[in-house]
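*Asks:* Handing over target01.cif, mmCIF, C-alpha atoms.
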data_coords
loop_
_atom_site.label_atom_id
_atom_site.label_comp_id
_atom_site.auth_asym_id
_atom_site.auth_seq_id
_atom_site.Cartn_x
_atom_site.Cartn_y
_atom_site.Cartn_z
CA MET A 1 0.00 0.00 0.00
CA SER A 2 2.95 2.31 0.69
CA ASP A 3 4.47 1.50 -2.71
CA GLN A 4 3.05 4.10 -5.10
CA THR A 5 3.92 2.03 -8.12
CA ALA A 6 2.12 -1.09 -6.91
CA SER A 7 -1.05 -0.41 -8.89
CA ARG A 8 0.67 0.37 -12.21
CA PRO A 9 0.84 -2.52 -14.67
CA ARG A 10 4.40 -3.80 -14.75
CA ARG A 11 6.43 -5.45 -17.46
CA GLY A 12 9.83 -7.17 -17.64
CA PRO A 13 11.94 -8.25 -14.68
CA TYR A 14 10.11 -5.96 -12.23
CA ALA A 15 6.74 -7.49 -13.05
CA LYS A 16 8.23 -10.95 -12.69
CA SER A 17 9.73 -10.05 -9.33
CA ALA A 18 6.43 -8.60 -8.04
CA ARG A 19 4.58 -11.72 -9.20
CA ARG A 20 7.14 -13.94 -7.49
CA GLN A 21 6.80 -11.92 -4.25
CA ALA A 22 3.01 -12.24 -4.37
CA GLU A 23 3.36 -16.02 -4.87
CA ILE A 24 5.68 -16.29 -1.88
CA VAL A 25 3.28 -14.27 0.28
CA ALA A 26 0.37 -16.52 -0.76
CA SER A 27 2.38 -19.67 -0.03
CA ALA A 28 3.46 -18.27 3.36
CA ALA A 29 -0.17 -17.45 4.20
CA SER A 30 -1.22 -21.05 3.58
CA VAL A 31 1.74 -22.48 5.56
CA PHE A 32 1.29 -20.13 8.55
CA SER A 33 -2.45 -20.79 8.45
CA ALA A 34 -1.88 -24.56 8.68
CA ARG A 35 1.03 -24.63 11.16
CA GLY A 36 1.09 -21.25 12.88
CA TYR A 37 3.99 -18.86 12.43
CA ARG A 38 6.28 -20.78 14.74
CA GLY A 39 5.49 -24.13 13.17
CA GLY A 40 5.94 -22.88 9.59
CA SER A 41 9.34 -22.74 7.87
CA LEU A 42 10.79 -20.81 4.93
CA ARG A 43 11.91 -24.19 3.60
CA GLU A 44 8.32 -25.46 3.40
CA ILE A 45 7.12 -22.20 1.84
CA ALA A 46 9.86 -22.50 -0.81
CA LYS A 47 9.05 -26.16 -1.42
CA GLN A 48 5.36 -25.41 -2.09
CA LEU A 49 6.49 -23.16 -4.96
CA ASP A 50 9.29 -25.42 -6.19
CA LEU A 51 11.74 -22.66 -5.33
CA SER A 52 15.10 -22.81 -3.59
CA LEU A 53 15.38 -21.40 -0.08
CA THR A 54 17.85 -18.84 -1.50
CA ALA A 55 15.21 -17.57 -3.93
CA VAL A 56 12.77 -16.97 -1.07
CA VAL A 57 15.41 -15.30 1.12
CA HIS A 58 16.29 -13.04 -1.83
CA HIS A 59 12.79 -11.51 -1.55
CA PHE A 60 12.23 -11.86 2.20
CA PRO A 61 15.47 -12.00 4.23
CA SER A 62 13.76 -13.46 7.30
CA LYS A 63 10.63 -15.36 8.25
CA SER A 64 9.39 -12.36 10.24
CA ASP A 65 9.75 -10.05 7.19
CA LEU A 66 7.56 -12.51 5.33
CA LEU A 67 5.03 -12.65 8.18
CA VAL A 68 4.61 -8.86 8.13
CA ALA A 69 4.09 -8.96 4.34
CA VAL A 70 1.42 -11.65 4.80
CA LEU A 71 -0.36 -9.65 7.51
CA GLU A 72 -0.25 -6.40 5.52
CA SER A 73 -1.71 -8.22 2.53
CA ALA A 74 -4.47 -9.91 4.57
CA ASP A 75 -5.35 -6.76 6.48
CA SER A 76 -5.38 -4.24 3.66
CA ALA A 77 -7.98 -6.07 1.53
CA HIS A 78 -11.24 -4.04 1.30
CA ALA A 79 -9.82 -1.23 3.50
CA ASP A 80 -10.52 1.42 0.85
CA SER A 81 -14.11 0.23 0.32
CA PHE A 82 -14.65 0.48 4.08
CA GLN A 83 -13.65 4.15 4.13
CA THR A 84 -15.86 4.98 1.14
CA ASP A 85 -18.85 3.14 2.64
CA ARG A 86 -18.25 4.82 5.98
CA ARG A 87 -18.22 8.32 4.51
CA ASN A 88 -21.32 7.70 2.41
CA GLU A 89 -23.50 5.60 4.71
CA GLY A 90 -21.96 5.57 8.19
CA VAL A 91 -20.18 3.06 10.41
CA ALA A 92 -22.95 0.46 10.77
CA TYR A 93 -23.38 0.08 6.99
CA ALA A 94 -19.62 0.07 6.35
CA VAL A 95 -19.00 -2.64 8.96
CA LEU A 96 -21.74 -4.86 7.55
CA GLN A 97 -20.46 -4.47 3.99
CA PHE A 98 -16.97 -5.29 5.24
CA VAL A 99 -18.24 -8.45 6.95
CA ARG A 100 -20.11 -9.45 3.76
CA ARG A 101 -16.93 -9.03 1.67
CA ASN A 102 -14.85 -10.99 4.19
CA ILE A 103 -17.16 -14.00 4.18
CA ASP A 104 -15.56 -15.00 0.88
CA ARG A 105 -12.10 -15.36 2.43
CA PRO A 106 -12.38 -17.46 5.58
CA GLU A 107 -8.78 -18.67 5.21
CA MET A 108 -7.47 -15.11 5.52
CA LEU A 109 -9.68 -14.45 8.56
CA ARG A 110 -8.50 -17.71 10.11
CA LEU A 111 -4.89 -16.67 9.54
CA LEU A 112 -5.43 -13.23 11.10
CA ALA A 113 -7.22 -14.77 14.12
CA LEU A 114 -4.44 -17.33 14.60
CA MET A 115 -1.63 -14.78 14.22
CA ALA A 116 -3.38 -12.31 16.58
CA ALA A 117 -3.67 -15.00 19.29
CA GLU A 118 -0.06 -16.18 18.75
CA SER A 119 1.23 -12.61 18.72
CA SER A 120 -0.17 -11.81 22.15
CA ALA A 121 3.08 -13.31 23.51
CA SER A 122 5.36 -10.27 23.85
CA ASP A 123 8.32 -11.99 22.14
CA HIS A 124 6.35 -12.84 18.99
CA PRO A 125 7.65 -11.07 15.87
CA ALA A 126 4.15 -9.75 15.02
CA HIS A 127 3.45 -8.56 18.58
CA GLU A 128 4.09 -4.88 17.89
CA TRP A 129 2.34 -5.05 14.51
CA PHE A 130 -0.90 -6.30 16.15
CA ARG A 131 -0.61 -3.92 19.12
CA ARG A 132 -0.39 -0.95 16.74
CA ARG A 133 -3.06 -2.41 14.44
CA TYR A 134 -5.61 -2.53 17.28
CA GLU A 135 -4.56 0.89 18.59
CA LEU A 136 -4.97 2.45 15.15
CA THR A 137 -8.16 0.58 14.18
CA ILE A 138 -9.92 1.48 17.43
CA ALA A 139 -8.81 5.14 17.35
CA THR A 140 -9.92 5.56 13.73
CA LEU A 141 -13.24 3.85 14.37
CA ALA A 142 -13.81 6.03 17.46
CA ASP A 143 -13.42 9.13 15.26
CA ASP A 144 -15.87 7.66 12.74
CA ILE A 145 -18.36 6.89 15.52
CA ARG A 146 -18.01 10.41 16.94
CA GLN A 147 -18.85 11.85 13.51
CA ASP A 148 -21.84 9.51 13.14
CA GLN A 149 -23.05 10.58 16.60
CA GLU A 150 -22.78 14.26 15.59
CA GLN A 151 -24.67 13.59 12.36
CA GLY A 152 -27.39 11.66 14.19
CA ARG A 153 -26.52 8.37 12.45
CA ILE A 154 -25.64 6.71 15.77
CA SER A 155 -28.05 7.26 18.65
CA ASN A 156 -25.92 5.67 21.42
CA PRO A 157 -24.54 8.77 23.17
CA ARG A 158 -21.84 6.95 25.18
CA ASP A 159 -18.05 7.40 24.83
CA PRO A 160 -17.08 6.73 21.16
CA TYR A 161 -13.76 5.13 22.13
CA SER A 162 -15.49 2.53 24.34
CA ILE A 163 -18.04 1.83 21.62
CA ALA A 164 -15.18 1.37 19.13
CA GLU A 165 -13.39 -1.09 21.45
CA SER A 166 -16.60 -3.10 21.86
CA LEU A 167 -17.33 -3.02 18.14
CA VAL A 168 -13.87 -4.30 17.16
CA ALA A 169 -14.14 -6.95 19.91
CA VAL A 170 -17.59 -8.21 18.89
CA TRP A 171 -16.42 -8.34 15.29
CA ASP A 172 -13.34 -10.46 16.17
CA GLY A 173 -15.45 -12.65 18.46
CA LEU A 174 -18.33 -13.29 16.05
CA GLN A 175 -15.83 -14.05 13.28
CA LEU A 176 -14.19 -16.62 15.55
CA GLN A 177 -17.57 -18.23 16.35
CA TRP A 178 -18.30 -18.42 12.62
CA LEU A 179 -14.84 -19.77 11.70
CA ILE A 180 -15.36 -22.55 14.27
CA ASP A 181 -18.93 -23.22 13.16
CA PRO A 182 -19.67 -22.04 9.59
CA ASN A 183 -23.35 -22.92 10.09
CA ARG A 184 -23.64 -19.73 12.15
CA ASP A 185 -25.05 -16.71 10.30
CA LEU A 186 -22.26 -14.15 10.70
CA VAL A 187 -24.11 -11.33 8.92
CA ALA A 188 -27.25 -11.78 11.05
CA ALA A 189 -25.21 -11.93 14.27
CA MET A 190 -23.23 -8.82 13.32
CA THR A 191 -26.44 -6.98 12.37
CA ALA A 192 -27.90 -7.73 15.82
CA ALA A 193 -24.65 -6.71 17.58
CA LEU A 194 -24.53 -3.41 15.68
CA LYS A 195 -28.13 -2.65 16.72
CA ASP A 196 -27.31 -3.30 20.38
CA LEU A 197 -24.08 -1.30 20.34
CA LEU A 198 -25.11 1.64 18.19
CA GLU A 199 -28.90 2.04 18.43
CA PRO A 200 -30.01 1.48 21.99
CA MET B 1 -15.21 -32.31 36.90
CA SER B 2 -17.05 -35.49 35.95
CA ASP B 3 -14.91 -37.55 38.37
CA GLN B 4 -16.87 -37.57 41.63
CA THR B 5 -13.83 -38.57 43.62
CA ALA B 6 -11.67 -35.73 42.34
CA SER B 7 -12.38 -33.43 45.28
CA ARG B 8 -11.69 -36.04 47.98
CA PRO B 9 -8.18 -35.95 49.47
CA ARG B 10 -6.23 -38.89 48.12
CA ARG B 11 -3.40 -40.91 49.55
CA GLY B 12 -1.06 -43.60 48.21
CA PRO B 13 -0.57 -44.51 44.56
CA TYR B 14 -3.84 -42.86 43.44
CA ALA B 15 -2.84 -39.49 44.91
CA LYS B 16 0.54 -39.80 43.26
CA SER B 17 -1.06 -40.62 39.93
CA ALA B 18 -3.48 -37.68 40.14
CA ARG B 19 -0.59 -35.35 41.01
CA ARG B 20 1.44 -36.66 38.10
CA GLN B 21 -1.51 -36.15 35.72
CA ALA B 22 -1.95 -32.57 36.93
CA GLU B 23 1.78 -31.93 36.37
CA ILE B 24 1.57 -33.29 32.83
CA VAL B 25 -1.48 -31.12 32.08
CA ALA B 26 0.35 -28.01 33.40
CA SER B 27 3.45 -28.80 31.34
CA ALA B 28 1.32 -29.40 28.24
CA ALA B 29 -0.45 -26.07 28.80
CA SER B 30 2.88 -24.21 28.81
CA VAL B 31 4.19 -26.05 25.74
CA PHE B 32 0.97 -25.59 23.69
CA SER B 33 0.85 -21.96 24.80
CA ALA B 34 4.39 -21.35 23.50
CA ARG B 35 4.29 -23.43 20.29
CA GLY B 36 0.65 -24.04 19.52
CA TYR B 37 -0.83 -27.53 19.59
CA ARG B 38 0.70 -28.55 16.30
CA GLY B 39 4.15 -27.21 17.19
CA GLY B 40 4.17 -28.86 20.64
CA SER B 41 5.26 -32.47 21.17
CA LEU B 42 4.70 -35.10 23.88
CA ARG B 43 8.48 -35.47 23.95
CA GLU B 44 8.99 -31.82 24.94
CA ILE B 45 6.20 -32.04 27.54
CA ALA B 46 7.87 -35.13 29.05
CA LYS B 47 11.29 -33.47 28.98
CA GLN B 48 10.05 -30.42 30.93
CA LEU B 49 9.10 -32.81 33.76
CA ASP B 50 12.14 -35.06 33.46
CA LEU B 51 9.81 -37.93 32.56
CA SER B 52 10.11 -40.57 29.88
CA LEU B 53 7.77 -40.40 26.90
CA THR B 54 6.35 -43.77 28.05
CA ALA B 55 5.39 -42.27 31.42
CA VAL B 56 3.42 -39.49 29.70
CA VAL B 57 1.75 -41.88 27.26
CA HIS B 58 0.75 -44.06 30.25
CA HIS B 59 -1.48 -41.18 31.46
CA PHE B 60 -2.44 -39.68 28.10
CA PRO B 61 -2.29 -42.15 25.19
CA SER B 62 -2.24 -39.40 22.55
CA LYS B 63 -1.41 -35.71 22.20
CA SER B 64 -5.08 -34.95 21.46
CA ASP B 65 -6.19 -36.68 24.73
CA LEU B 66 -3.79 -34.40 26.53
CA LEU B 67 -5.07 -31.33 24.66
CA VAL B 68 -8.64 -32.04 25.74
CA ALA B 69 -7.49 -32.43 29.37
CA VAL B 70 -5.69 -29.06 29.13
CA LEU B 71 -8.76 -27.36 27.67
CA GLU B 72 -11.13 -28.86 30.27
CA SER B 73 -8.82 -27.69 33.03
CA ALA B 74 -8.44 -24.16 31.60
CA ASP B 75 -12.13 -23.80 30.87
CA SER B 76 -13.61 -25.16 34.10
CA ALA B 77 -11.78 -22.73 36.42
CA HIS B 78 -14.26 -20.37 38.11
CA ALA B 79 -17.25 -21.94 36.32
CA ASP B 80 -19.03 -22.69 39.62
CA SER B 81 -18.50 -19.15 40.94
CA PHE B 82 -20.01 -17.83 37.72
CA GLN B 83 -23.23 -19.79 38.23
CA THR B 84 -23.52 -18.69 41.88
CA ASP B 85 -22.91 -15.02 40.99
CA ARG B 86 -25.38 -15.26 38.14
CA ARG B 87 -28.18 -16.64 40.32
CA ASN B 88 -27.58 -14.08 43.06
CA GLU B 89 -26.80 -10.92 41.11
CA GLY B 90 -27.53 -11.51 37.44
CA VAL B 91 -25.54 -11.91 34.23
CA ALA B 92 -23.79 -8.50 34.15
CA TYR B 93 -22.37 -8.90 37.65
CA ALA B 94 -21.36 -12.53 37.08
CA VAL B 95 -19.55 -11.70 33.83
CA LEU B 96 -17.60 -8.86 35.44
CA GLN B 97 -16.61 -11.01 38.41
CA PHE B 98 -15.52 -13.73 35.99
CA VAL B 99 -13.38 -11.24 34.05
CA ARG B 100 -11.83 -9.96 37.31
CA ARG B 101 -10.91 -13.52 38.34
CA ASN B 102 -9.46 -14.31 34.92
CA ILE B 103 -7.14 -11.31 34.94
CA ASP B 104 -4.84 -13.30 37.21
CA ARG B 105 -4.27 -16.02 34.64
CA PRO B 106 -3.38 -14.40 31.31
CA GLU B 107 -1.40 -17.49 30.24
CA MET B 108 -4.53 -19.65 30.41
CA LEU B 109 -6.55 -17.07 28.46
CA ARG B 110 -3.75 -16.87 25.89
CA LEU B 111 -3.81 -20.64 25.54
CA LEU B 112 -7.60 -20.74 25.11
CA ALA B 113 -7.47 -17.92 22.52
CA LEU B 114 -4.68 -19.65 20.60
CA MET B 115 -6.35 -23.08 20.69
CA ALA B 116 -9.72 -21.60 19.64
CA ALA B 117 -8.13 -19.92 16.61
CA GLU B 118 -6.13 -23.06 15.69
CA SER B 119 -9.17 -25.27 16.19
CA SER B 120 -11.26 -23.39 13.65
CA ALA B 121 -9.62 -25.64 11.03
CA SER B 122 -12.06 -28.54 10.73
CA ASP B 123 -9.32 -31.20 10.95
CA HIS B 124 -7.97 -29.88 14.28
CA PRO B 125 -8.38 -32.35 17.19
CA ALA B 126 -10.07 -29.67 19.36
CA HIS B 127 -12.43 -28.53 16.59
CA GLU B 128 -15.48 -30.36 17.90
CA TRP B 129 -14.64 -29.47 21.52
CA PHE B 130 -14.67 -25.72 20.71
CA ARG B 131 -17.75 -25.95 18.47
CA ARG B 132 -19.71 -27.57 21.30
CA ARG B 133 -18.18 -25.24 23.90
CA TYR B 134 -19.48 -22.17 22.03
CA GLU B 135 -22.84 -23.80 21.32
CA LEU B 136 -23.31 -24.70 25.00
CA THR B 137 -21.93 -21.44 26.43
CA ILE B 138 -24.14 -19.29 24.20
CA ALA B 139 -27.28 -21.39 24.80
CA THR B 140 -26.77 -21.35 28.60
CA LEU B 141 -26.07 -17.62 28.62
CA ALA B 142 -29.16 -16.99 26.48
CA ASP B 143 -31.28 -18.76 29.14
CA ASP B 144 -29.63 -16.66 31.85
CA ILE B 145 -30.30 -13.47 29.90
CA ARG B 146 -33.94 -14.46 29.32
CA GLN B 147 -34.38 -14.91 33.08
CA ASP B 148 -32.70 -11.56 33.78
CA GLN B 149 -35.01 -9.91 31.25
CA GLU B 150 -38.06 -11.45 32.97
CA GLN B 151 -36.82 -10.28 36.37
CA GLY B 152 -36.14 -6.77 35.06
CA ARG B 153 -32.39 -7.04 35.60
CA ILE B 154 -31.70 -6.60 31.88
CA SER B 155 -33.61 -3.83 30.13
CA ASN B 156 -32.56 -4.68 26.56
CA PRO B 157 -35.70 -6.45 25.24
CA ARG B 158 -34.07 -7.94 22.13
CA ASP B 159 -33.60 -11.67 21.37
CA PRO B 160 -31.64 -13.26 24.27
CA TYR B 161 -29.78 -15.65 21.95
CA SER B 162 -28.42 -12.77 19.84
CA ILE B 163 -27.43 -10.85 22.96
CA ALA B 164 -25.65 -13.97 24.26
CA GLU B 165 -23.72 -14.37 20.97
CA SER B 166 -22.65 -10.72 21.12
CA LEU B 167 -21.70 -10.95 24.78
CA VAL B 168 -19.50 -14.03 24.28
CA ALA B 169 -17.97 -12.35 21.22
CA VAL B 170 -17.20 -9.04 22.93
CA TRP B 171 -15.70 -10.94 25.83
CA ASP B 172 -13.37 -12.98 23.56
CA GLY B 173 -12.49 -9.86 21.59
CA LEU B 174 -11.74 -7.58 24.56
CA GLN B 175 -9.66 -10.34 26.14
CA LEU B 176 -7.65 -10.59 22.92
CA GLN B 177 -7.10 -6.80 22.86
CA TRP B 178 -5.91 -6.95 26.48
CA LEU B 179 -3.65 -9.99 25.91
CA ILE B 180 -1.98 -8.12 23.05
CA ASP B 181 -1.74 -4.87 25.03
CA PRO B 182 -1.88 -5.37 28.83
CA ASN B 183 -1.98 -1.59 29.30
CA ARG B 184 -5.64 -1.74 28.26
CA ASP B 185 -8.15 -1.73 31.11
CA LEU B 186 -10.08 -4.97 30.49
CA VAL B 187 -12.54 -4.48 33.37
CA ALA B 188 -13.41 -0.92 32.29
CA ALA B 189 -13.86 -2.02 28.66
CA MET B 190 -16.05 -4.97 29.68
CA THR B 191 -18.14 -2.74 31.98
CA ALA B 192 -18.80 -0.35 29.09
CA ALA B 193 -19.62 -3.23 26.70
CA LEU B 194 -22.08 -4.75 29.20
CA LYS B 195 -23.84 -1.38 29.54
CA ASP B 196 -24.20 -1.07 25.78
CA LEU B 197 -25.37 -4.64 25.28
CA LEU B 198 -27.66 -5.06 28.30
CA GLU B 199 -28.88 -1.61 29.37
CA PRO B 200 -29.71 0.44 26.32
#
Spell out the structure here as structure tokens.
*Replies:*
Amino acid sequence: MSDQTASRPRRGPYAKSARRQAEIVASAASVFSARGYRGGSLREIAKQLDLSLTAVVHHFPSKSDLLVAVLESADSAHADSFQTDRRNEGVAYAVLQFVRRNIDRPEMLRLLALMAAESSASDHPAHEWFRRRYELTIATLADDIRQDQEQGRISNPRDPYSIAESLVAVWDGLQLQWLIDPNRDLVAAMTAALKDLLEP
Amino acid sequence: MSDQTASRPRRGPYAKSARRQAEIVASAASVFSARGYRGGSLREIAKQLDLSLTAVVHHFPSKSDLLVAVLESADSAHADSFQTDRRNEGVAYAVLQFVRRNIDRPEMLRLLALMAAESSASDHPAHEWFRRRYELTIATLADDIRQDQEQGRISNPRDPYSIAESLVAVWDGLQLQWLIDPNRDLVAAMTAALKDLLEP
């Protein structure tokens, strides 16, 4: 996302290198998802792609560099749509649309849930990434909620930061319930939770 | 919990065997917590206790038997106090007391969070255990909430099952936020979430 050139079509060796990087990130996502970060190895990620370990290390010098690339890729999907939806229709609508889009990628949600739980140990290489991710997500959402309160879109008058913490929490928790039991209706559960949290 | 004799003081070989089992469960909890279930091995669990692999397998024939024992032990702590608090003071009070008691055992909460995320893969040995745990927890809590609604302790008139799903979710999610960043005030966040969910 920070690479301005990422969205331009690429040709030649650069395009090939970007494609290779994306393949390595996808392979790492599937390995970390199956074995956890600590159980996964660069060797296995390379093997899945029929690459040498050296070829992987050329793109990602360490396993933790690769983990951060995987997390950035999983986390950034649909982020722009969320902001557009939020501006146009408010937080409740944007969150529900986000949940609807995410239902198509349970493996990515599973990976994020697993990495978040693993990373709660303070010596985990993604510990700081998740700490800052929650800090930033909650602070941004609190601002969005404050604006919705001012515009009369959210009738709950309580502290926007607390509401944002609860909203992020209920979202993580309902996703976990649904990942464990896909027969649950995640959209219906999230709709009910949003009513309780935002429209008392 | 299902062993009626478990609370009686034991002497002789039985006491020794029960103590040994409890030691193995504690060692397994620390190994699974550090490496995940898949990354942990019976060999490492035995080594931590200076036991042979055969001695561990004598008590727990397989790694998944041991995992279930670890989960039962982590999950059953404080369960009786919760039911007493709930009957006497209602769901909101019981949940807050439960959270306060759990703050002293972050390692157990970390383990449960990690195992829940891992177990969302349908081939994980704890998959069915977690699916039923959520099913049962939410159904029981929905009954409790219905009773609190009837007794006027909970003013939110919406569907008790949906409220129970949201409450379990917000609880998992706030715990995760606090495990990742212990500077967060889990009790304050849970108090605010309970207000929003139960007392609109």
*Asks:* Would you compute the box with edges along x, y and z of the file around segment 63-74 of chain B, including every atom the file lists for it and 8 Å extra on each side, and give its centre and edge lengths in Å to one decimal, as JSON?
*Replies:*
{"center_x": -6.3, "center_y": -30.4, "center_z": 27.2, "size_x": 25.7, "size_y": 28.5, "size_z": 27.6}
*Asks:* Kindly indicate which residue among A:Ala15, A:Val170, A:Ile163, A:Ile154 lies nearest to Leu186 of chain A, using all atoms listed in the file for the distances.
*Replies:*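 Using all atoms listed in the file, the shortest distance to Leu186 of chain A belongs to A:Val170.
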*Asks:* Could you list, as a list in words, every residue matched by the PyMOL selection byres ((chain B and resi 56) around 9) in this structure?
*Replies:* Gln21, Ile24, Leu42, Arg43, Ile45, Ala46, Leu51, Ser52, Leu53, Thr54, Ala55, Val57, His58, His59, Phe60 and Pro61 of chain B
*Asks:* Determine the residue membership of the PyMOL selection byres ((chain B) within 6 of (chain A)) for the file above and supply it as a VMD selection string.
*Replies:* chain B and resid 39 113 to 114 117 120 131 166 169 to 170 172 to 174 179 to 180 193 196 to 197 200
*Asks:* For atom CA of Arg20 of chain B and atom CA of Asn102 of chain B, quote the distance in Å rounded to one decimal.
*Replies:* 25.1 Å
*Asks:* To one decimal place in Å, what is the distance between atom CA of Leu67 of chain A and atom CA of Thr84 of chain A?
*Replies:* 28.2 Å
*Asks:* Could you work out how far atom CA of Ser76 of chain A lies from atom CA of Leu96 of chain A, giving the answer in Å with one decimal?
*Replies:*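 Answer for the atom CA of Leu96 of chain A to atom CA of Ser76 of chain A separation: 16.8 Å.
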*Asks:* Which residue is closest to Asp85 of chain B? Choose from B:Glu44, B:Asp144, B:Ser62, B:Gln151 and count all atoms listed in the file.
*Replies:*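 For Asp85 of chain B, the nearest of the candidates is B:Asp144.
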*Asks:* Expanded to explicit residues, what is the PyMOL selection byres ((chain A and resi 26) around 10) for this file, as a list in words?
*Replies:*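 With the PyMOL selection byres ((chain A and resi 26) around 10) on this model, the match is Arg20, Gln21, Ala22, Glu23, Ile24, Val25, Ser27, Ala28, Ala29, Ser30, Val31, Ile45, Leu49, Ala69, Val70, Ser73 and Ala74 of chain A.
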